[in-house]
file upload_34.cif (mmCIF, C-alpha atoms)
data_entry
loop_
_atom_site.label_atom_id
_atom_site.label_comp_id
_atom_site.auth_asym_id
_atom_site.auth_seq_id
_atom_site.Cartn_x
_atom_site.Cartn_y
_atom_site.Cartn_z
CA MET A 1 124.43 9.98 84.44
CA GLY A 2 121.88 12.78 84.63
CA TYR A 3 118.90 13.14 82.32
CA PHE A 4 120.46 16.08 80.46
CA GLU A 5 123.74 14.27 79.75
CA ARG A 6 121.76 11.23 78.60
CA ALA A 7 119.73 13.47 76.30
CA LEU A 8 122.89 14.91 74.76
CA ILE A 9 124.30 11.45 74.11
CA ALA A 10 120.99 10.37 72.59
CA ALA A 11 120.95 13.48 70.39
CA ILE A 12 124.43 12.73 69.07
CA VAL A 13 123.78 9.02 68.45
CA ILE A 14 120.32 9.42 66.93
CA GLY A 15 121.28 12.48 64.90
CA ALA A 16 124.39 10.83 63.47
CA GLY A 17 122.56 7.61 62.61
CA ALA A 18 119.63 9.43 61.04
CA GLY A 19 121.98 11.64 59.04
CA PHE A 20 123.94 8.67 57.72
CA VAL A 21 120.87 6.71 56.60
CA GLY A 22 119.28 9.94 55.45
CA ALA A 23 122.11 10.36 52.94
CA LEU A 24 121.00 7.13 51.26
CA VAL A 25 117.35 8.22 51.44
CA VAL A 26 117.99 11.63 49.86
CA LEU A 27 120.39 10.39 47.18
CA ARG A 28 117.98 7.62 46.17
CA ARG A 29 115.03 10.06 46.25
CA ARG A 30 113.11 8.11 48.88
CA THR A 31 112.33 11.06 51.16
CA PHE A 32 108.58 10.78 50.63
CA PHE A 33 108.75 7.10 51.52
CA ALA A 34 110.61 7.95 54.74
CA GLN A 35 108.01 10.59 55.59
CA ALA A 36 105.21 8.09 55.01
CA LEU A 37 106.98 5.61 57.24
CA THR A 38 107.41 8.10 60.08
CA HIS A 39 103.70 8.88 60.05
CA GLY A 40 102.58 5.33 59.33
CA THR A 41 104.32 3.86 62.38
CA TYR A 42 102.17 6.04 64.63
CA PRO A 43 99.42 3.41 65.15
CA GLY A 44 102.06 0.84 66.10
CA ALA A 45 103.47 3.22 68.71
CA VAL A 46 99.98 3.89 70.10
CA ALA A 47 99.17 0.17 70.27
CA ALA A 48 102.48 -0.57 72.01
CA ALA A 49 101.84 2.16 74.59
CA ALA A 50 98.34 0.78 75.23
CA LEU A 51 99.69 -2.75 75.71
CA GLY A 52 102.47 -1.56 77.99
CA VAL A 53 105.29 -2.76 75.75
CA SER A 54 108.18 -0.86 74.22
CA VAL A 55 107.04 1.90 71.87
CA PRO A 56 109.92 1.29 69.42
CA LEU A 57 108.92 -2.38 69.35
CA GLY A 58 105.37 -1.48 68.31
CA ALA A 59 106.66 0.98 65.74
CA ALA A 60 109.03 -1.68 64.36
CA ALA A 61 106.16 -4.14 63.95
CA ALA A 62 104.12 -1.46 62.18
CA SER A 63 107.04 -0.59 59.89
CA VAL A 64 107.34 -4.20 58.71
CA VAL A 65 103.64 -4.22 57.80
CA LEU A 66 103.92 -0.84 56.11
CA VAL A 67 106.89 -1.83 53.97
CA ALA A 68 104.98 -4.92 52.83
CA ILE A 69 101.87 -2.86 52.04
CA MET A 70 103.81 -0.25 50.09
CA ALA A 71 105.67 -2.92 48.15
CA GLY A 72 102.35 -4.55 47.23
CA ILE A 73 100.69 -1.29 46.17
CA ALA A 74 103.75 -0.27 44.15
CA ARG A 75 103.45 -3.47 42.09
CA VAL A 76 99.84 -2.76 41.14
CA ARG A 77 99.52 -1.68 37.53
CA ARG A 78 99.36 2.09 37.02
CA GLN A 79 100.38 2.67 40.61
CA GLY A 80 103.83 3.34 41.98
CA ALA A 81 106.01 4.01 44.98
CA GLN A 82 104.78 7.59 45.35
CA VAL A 83 101.14 6.50 45.35
CA ALA A 84 101.90 3.75 47.85
CA ALA A 85 103.74 6.14 50.15
CA GLY A 86 100.91 8.68 50.02
CA ILE A 87 98.31 6.08 50.92
CA VAL A 88 100.36 4.75 53.80
CA LEU A 89 101.16 8.25 55.11
CA THR A 90 97.56 9.39 55.36
CA GLY A 91 96.02 6.04 56.20
CA GLY A 92 98.56 5.13 58.85
CA PHE A 93 98.45 8.46 60.61
CA ALA A 94 94.65 8.52 60.55
CA ALA A 95 94.56 5.00 62.00
CA GLY A 96 96.85 6.10 64.80
CA ALA A 97 94.70 9.12 65.60
CA ILE A 98 91.54 7.01 65.72
CA LEU A 99 93.23 4.35 67.84
CA GLN A 100 94.45 6.99 70.26
CA ALA A 101 90.94 8.45 70.55
CA MET A 102 89.56 5.00 71.31
CA LEU A 103 92.16 4.50 74.06
CA PRO A 104 92.01 7.65 76.20
CA GLY A 105 93.85 6.11 79.13
CA LEU A 106 97.24 5.72 77.46
CA PRO A 107 100.16 5.61 79.93
CA VAL A 108 102.11 8.07 77.77
CA ARG A 109 101.08 11.47 76.50
CA ALA A 110 99.99 11.74 72.90
CA GLU A 111 102.42 14.57 72.17
CA SER A 112 105.37 12.43 73.27
CA LEU A 113 104.46 9.95 70.53
CA LEU A 114 104.13 12.70 67.95
CA VAL A 115 107.08 14.98 68.74
CA GLY A 116 109.15 12.80 71.06
CA SER A 117 110.67 13.42 74.47
CA ILE A 118 114.42 13.15 74.32
CA LEU A 119 114.78 14.16 77.97
CA THR A 120 113.12 10.89 78.99
CA VAL A 121 115.00 8.50 76.70
CA SER A 122 116.37 5.39 78.35
CA ASP A 123 119.72 3.68 78.03
CA GLY A 124 117.93 1.04 75.97
CA ASP A 125 116.78 3.70 73.48
CA ILE A 126 120.37 4.89 73.08
CA VAL A 127 121.64 1.35 72.61
CA LEU A 128 118.97 0.72 69.97
CA ALA A 129 119.89 3.86 68.06
CA ALA A 130 123.59 3.07 68.28
CA SER A 131 122.98 -0.48 67.07
CA VAL A 132 120.99 0.73 64.08
CA ALA A 133 123.73 3.24 63.21
CA VAL A 134 126.44 0.56 63.42
CA VAL A 135 124.43 -1.84 61.27
CA ALA A 136 123.91 0.91 58.69
CA VAL A 137 127.63 1.71 58.54
CA VAL A 138 128.55 -1.96 58.23
CA ALA A 139 125.94 -2.49 55.50
CA VAL A 140 127.26 0.44 53.49
CA ALA A 141 130.84 -0.74 54.00
CA ILE A 142 129.95 -4.16 52.61
CA PHE A 143 127.49 -3.20 49.88
CA GLY A 144 128.64 0.36 49.22
CA LYS A 145 129.60 -0.20 45.58
CA GLU A 146 126.30 -1.85 44.77
CA ILE A 147 124.35 0.89 46.57
CA ALA A 148 126.24 3.64 44.75
CA PHE A 149 125.88 1.92 41.35
CA SER A 150 122.15 1.38 41.87
CA THR A 151 121.67 4.92 43.15
CA PHE A 152 123.43 6.90 40.43
CA ASP A 153 122.95 4.62 37.41
CA PRO A 154 119.89 2.40 37.96
CA ARG A 155 119.55 1.59 34.26
CA GLY A 156 123.17 0.56 33.99
CA TYR A 157 122.81 -1.45 37.18
CA ARG A 158 119.95 -3.42 35.66
CA ALA A 159 121.64 -3.66 32.27
CA VAL A 160 124.63 -5.57 33.64
CA GLY A 161 122.30 -8.15 35.16
CA TYR A 162 122.01 -7.02 38.77
CA ARG A 163 118.66 -7.13 40.53
CA GLU A 164 117.72 -3.80 42.05
CA TRP A 165 115.24 -5.02 44.66
CA PRO A 166 117.84 -6.38 47.16
CA VAL A 167 119.52 -2.96 47.38
CA GLU A 168 116.15 -1.23 47.55
CA LEU A 169 115.00 -3.56 50.31
CA LEU A 170 118.24 -2.97 52.24
CA VAL A 171 117.85 0.81 52.10
CA LEU A 172 114.17 0.62 53.03
CA ALA A 173 114.97 -1.65 55.97
CA LEU A 174 117.66 0.74 57.21
CA THR A 175 115.23 3.63 56.82
CA ALA A 176 112.55 1.83 58.80
CA ALA A 177 115.01 0.93 61.55
CA THR A 178 116.23 4.53 61.73
CA VAL A 179 112.68 5.86 61.98
CA VAL A 180 111.94 3.45 64.82
CA SER A 181 115.11 4.34 66.72
CA ALA A 182 114.40 8.08 66.37
CA LEU A 183 110.83 7.91 67.68
CA PRO A 184 111.66 8.29 71.40
CA ALA A 185 113.64 11.44 70.69
CA VAL A 186 111.68 13.30 68.01
CA GLY A 187 108.42 11.38 67.65
CA ALA A 188 106.43 10.15 64.68
CA ILE A 189 106.09 13.53 62.98
CA LEU A 190 109.53 15.10 63.34
CA ALA A 191 111.74 12.08 62.61
CA ILE A 192 111.77 13.00 58.93
CA ALA A 193 113.56 16.25 59.79
CA LEU A 194 116.60 14.40 61.16
CA ILE A 195 116.59 12.01 58.22
CA ALA A 196 116.16 14.43 55.34
CA ALA A 197 117.50 17.86 56.38
CA PRO A 198 121.12 16.95 57.35
CA ALA A 199 121.57 14.84 54.22
CA ALA A 200 119.99 17.47 51.97
CA GLY A 201 122.25 20.12 53.49
CA ALA A 202 125.35 17.96 53.05
CA ARG A 203 124.42 17.35 49.44
CA LEU A 204 124.43 21.10 48.79
CA VAL A 205 127.99 21.70 50.03
CA VAL A 206 129.76 18.37 49.52
CA PRO A 207 130.35 17.24 45.93
CA THR A 208 131.09 13.53 46.44
CA TYR A 209 129.07 10.49 47.52
CA ARG A 210 131.51 9.53 50.26
CA GLY A 211 131.72 13.11 51.42
CA ILE A 212 127.97 13.26 51.87
CA LEU A 213 128.06 10.02 53.87
CA PHE A 214 130.58 11.66 56.22
CA ALA A 215 129.06 15.13 56.38
CA ALA A 216 125.40 14.18 56.89
CA PRO A 217 125.99 12.36 60.24
CA VAL A 218 128.02 15.30 61.51
CA ILE A 219 125.22 17.72 60.65
CA GLY A 220 122.66 15.35 62.17
CA ALA A 221 124.57 15.06 65.43
CA ALA A 222 125.11 18.83 65.55
CA SER A 223 121.38 19.36 64.98
CA GLY A 224 120.59 17.11 67.92
CA VAL A 225 123.01 18.83 70.26
CA VAL A 226 121.95 22.34 69.26
CA GLY A 227 118.29 21.38 69.62
CA VAL A 228 118.78 20.00 73.12
CA LEU A 229 120.77 23.05 74.22
CA VAL A 230 118.16 25.43 72.81
CA SER A 231 115.43 23.41 74.49
CA ARG A 232 117.13 23.78 77.86
CA ALA A 233 117.98 27.45 77.40
CA PHE A 234 114.49 28.56 76.36
CA ALA A 235 112.42 25.88 78.13
CA VAL A 236 110.80 24.62 74.92
CA ALA A 237 110.14 21.11 73.63
CA ALA A 238 113.30 19.32 72.53
CA GLY A 239 111.82 17.50 69.52
CA PRO A 240 110.72 20.63 67.64
CA SER A 241 113.97 22.35 68.63
CA ILE A 242 116.00 19.53 67.07
CA ALA A 243 113.87 19.64 63.92
CA LEU A 244 114.31 23.41 63.65
CA ALA A 245 118.06 23.09 64.20
CA ALA A 246 118.27 20.56 61.35
CA THR A 247 116.26 22.95 59.16
CA ALA A 248 118.57 25.82 60.12
CA PHE A 249 121.64 23.81 59.11
CA PHE A 250 119.99 23.06 55.77
CA LEU A 251 119.30 26.77 55.21
CA ILE A 252 122.90 27.60 56.08
CA ALA A 253 124.10 24.99 53.57
CA LEU A 254 121.72 26.44 50.99
CA GLY A 255 123.15 29.90 51.61
CA ILE A 256 126.71 28.62 51.26
CA SER A 257 125.85 26.91 47.97
CA LYS A 258 124.33 30.14 46.65
CA VAL A 259 127.38 32.16 47.68
CA ARG A 260 129.64 29.67 45.93
CA ALA A 261 127.64 30.13 42.75
CA VAL A 262 128.34 33.88 42.68
CA PRO A 263 131.15 34.74 40.19
CA TRP A 264 133.63 36.38 42.56
CA ASN A 265 136.51 36.13 40.09
CA ARG A 266 137.73 39.58 39.04
CA ALA A 267 138.31 38.26 35.53
CA SER A 268 134.56 37.97 35.15
CA ILE A 269 134.16 41.74 35.80
CA PRO A 270 134.10 43.86 32.62
CA VAL A 271 137.31 45.86 32.10
CA GLU A 272 135.40 49.14 31.87
CA THR A 273 133.80 48.51 35.27
CA ALA A 274 137.14 47.81 36.92
CA GLU A 275 138.69 50.97 35.40
CA ASP A 276 135.72 53.05 36.47
CA ALA A 277 136.13 51.71 39.98
CA ARG A 278 139.82 52.75 40.06
CA ILE A 279 139.00 56.21 38.76
CA ALA A 280 136.28 56.60 41.37
#
call {"tool": "encode", "arguments": {"input": "upload_34.cif", "output": "structure tokens"}}
result
Amino acid sequence: MGYFERALIAAIVIGAGAGFVGALVVLRRRTFFAQALTHGTYPGAVAAAALGVSVPLGAAAASVVLVAIMAGIARVRRQGAQVAAGIVLTGGFAAGAILQAMLPGLPVRAESLLVGSILTVSDGDIVLAASVAVVAVVAVAIFGKEIAFSTFDPRGYRAVGYREWPVELLVLALTAATVVSALPAVGAILAIALIAAPAAGARLVVPTYRGILFAAPVIGAASGVVGVLVSRAFAVAAGPSIALAATAFFLIALGISKVRAVPWNRASIPVETAEDARIA
């Protein structure tokens, strides 16, 4: 298998997995957390590259620490999840930048950690992304009712005696795993585009929860493929191309939603206007 064919497969697998988990992230309003996680795993990726171990492994270790830190900060009085995510986003990314400056002889280029390099992904990276996607689908298949109940009616979910933290922890874990699996393709900065944009676009044009779970992976995979093809056609970086493709799909979905909102029904047109039009 050539590098380009491998890149296309990686784009489909990573885009679909990120879109599926992104649907949970967007519906539960955890996009800022996901963004903080993508930036906060940067020092773990730098440390892994310096030690000569797998970059996703270093990012995974960093994500575990970050989730614990955010959970701790969120429990502090007068603080919250948004404050915790903001601290982790800025602090984690700054720590990665300083660590990278202290280790100038990294075996990988800094930009590959930030924006990814899908043309150099390995079979192991694809297997990791596919495994994360399968685990996410299985988790939603098993706990789908609880996730939906907790997402759309959190007060009712707590009122009937359910604890919300297991579902929250499950979604956060899936988000962290998705961020880690997307790093080789789109890097620490652009992973949020594949997580948020396809799901946000699906939400604009699909009215049901299950429909969004089906549509978001399709948009994510399409974003990956289009980004790789554009990258090859115009000789530009694949990571930014994939992110821009995901953004373009979101804008298209936004346009479709706006068009749907326009009252095209003739019955809504005043009678005088219709008669004037016939006379004209």
call {"tool": "residues_around", "arguments": {"input": "upload_34.cif", "residues": "segment 184-193 of chain A", "least_positions_apart": "4", "cutoff": "8 Å", "atoms": "all atoms listed in the file", "output": "PyMOL selection string"}}
result
chain A and resi 10-11+14+34-35+38-39+41-42+55-56+112-119+121+125+179+197-198+238-240+242-243+246-247
call {"tool": "atom_distance", "arguments": {"input": "upload_34.cif", "atom1": "atom CA of Ser241 of chain A", "atom2": "atom CA of Leu99 of chain A"}}
result
27.5 Å
call {"tool": "closest_residue", "arguments": {"input": "upload_34.cif", "among": "A:Pro166, A:Gly91, A:Gly220, A:Gly105", "to": "Gly52 of chain A", "atoms": "all atoms listed in the file"}}
result
A:Gly105
call {"tool": "residues_around", "arguments": {"input": "upload_34.cif", "residues": "Ala47 of chain A", "least_positions_apart": "6", "cutoff": "12 Å", "atoms": "all atoms listed in the file", "output": "list in words"}}
result
Thr41, Val53, Ser54, Val55, Pro56, Leu57, Gly58, Ala59, Ala60, Ala61, Ala62, Ala95, Gly96, Ala97, Ile98, Leu99, Gln100, Ala101, Met102, Leu103, Pro104, Gly105, Leu106, Pro107, Val108, Ala110 and Leu113 of chain A
call {"tool": "closest_atom_pairs", "arguments": {"input": "upload_34.cif", "of": "segment 91-137 of chain A", "to": "segment 15-23 of chain A", "cutoff": "10 Å", "atoms": "only C-alpha atoms", "output": "CSV"}}
result
residue,atom,partner,partner_atom,distance
A:Ala129,CA,A:Gly17,CA,7.1
A:Ala130,CA,A:Gly17,CA,7.3
A:Ser131,CA,A:Gly17,CA,9.2
A:Val132,CA,A:Gly17,CA,7.2
A:Ala133,CA,A:Gly17,CA,4.6
A:Val134,CA,A:Gly17,CA,8.1
A:Val135,CA,A:Gly17,CA,9.7
A:Ala136,CA,A:Val21,CA,6.9
A:Val137,CA,A:Phe20,CA,7.9
call {"tool": "resolve_selection", "arguments": {"input": "upload_34.cif", "expression": "the PyMOL selection byres ((chain A and resi 227) around 7)", "output": "compact mmCIF listing (two decimals) with C-alpha atoms, in the coordinates of the input"}}
result
# COMPACT_ATOMS: atom_id res chain seq x y z
CA SER A 223 121.38 19.36 64.98
CA GLY A 224 120.59 17.11 67.92
CA VAL A 225 123.01 18.83 70.26
CA VAL A 226 121.95 22.34 69.26
CA VAL A 228 118.78 20.00 73.12
CA LEU A 229 120.77 23.05 74.22
CA VAL A 230 118.16 25.43 72.81
CA SER A 231 115.43 23.41 74.49
CA ALA A 238 113.30 19.32 72.53
CA SER A 241 113.97 22.35 68.63
CA ILE A 242 116.00 19.53 67.07
CA ALA A 245 118.06 23.09 64.20
call {"tool": "residues_around", "arguments": {"input": "upload_34.cif", "residues": "Tyr3 of chain A", "least_positions_apart": "2", "cutoff": "9 Å", "atoms": "all atoms listed in the file", "output": "ChimeraX atom specification"}}
result
/A:1,5-8,119-121
call {"tool": "atom_distance", "arguments": {"input": "upload_34.cif", "atom1": "atom CA of Phe250 of chain A", "atom2": "atom CA of Gly201 of chain A"}}
result
4.4 Å
call {"tool": "atom_distance", "arguments": {"input": "upload_34.cif", "atom1": "atom CA of Gly211 of chain A", "atom2": "atom CA of Ile12 of chain A"}}
result
19.1 Å
call {"tool": "closest_residue", "arguments": {"input": "upload_34.cif", "among": "A:Gly156, A:Leu194, A:Ala182, A:Arg203", "to": "Ala222 of chain A", "atoms": "only C-alpha atoms"}}
result
A:Leu194
call {"tool": "closest_residue", "arguments": {"input": "upload_34.cif", "among": "A:Leu27, A:Val206, A:Val46, A:Val138", "to": "Leu183 of chain A", "atoms": "all atoms listed in the file"}}
result
A:Val46
call {"tool": "resolve_selection", "arguments": {"input": "upload_34.cif", "expression": "the PyMOL selection byres ((chain A and resi 64) around 12)", "output": "VMD selection string"}}
result
chain A and resid 37 40 to 41 44 57 to 63 65 to 71 169 172 to 177 179 to 180
call {"tool": "closest_residue", "arguments": {"input": "upload_34.cif", "among": "A:Gly161, A:Leu51, A:Leu24, A:Pro154", "to": "Phe214 of chain A", "atoms": "only C-alpha atoms"}}
result
A:Leu24
call {"tool": "resolve_selection", "arguments": {"input": "upload_34.cif", "expression": "the PyMOL selection byres ((chain A and resi 255-261) around 12)", "output": "list of chain:residue names"}}
result
A:Ala200, A:Gly201, A:Ala202, A:Arg203, A:Leu204, A:Val205, A:Val206, A:Pro207, A:Ala248, A:Phe249, A:Phe250, A:Leu251, A:Ile252, A:Ala253, A:Leu254, A:Val262, A:Pro263, A:Trp264, A:Asn265
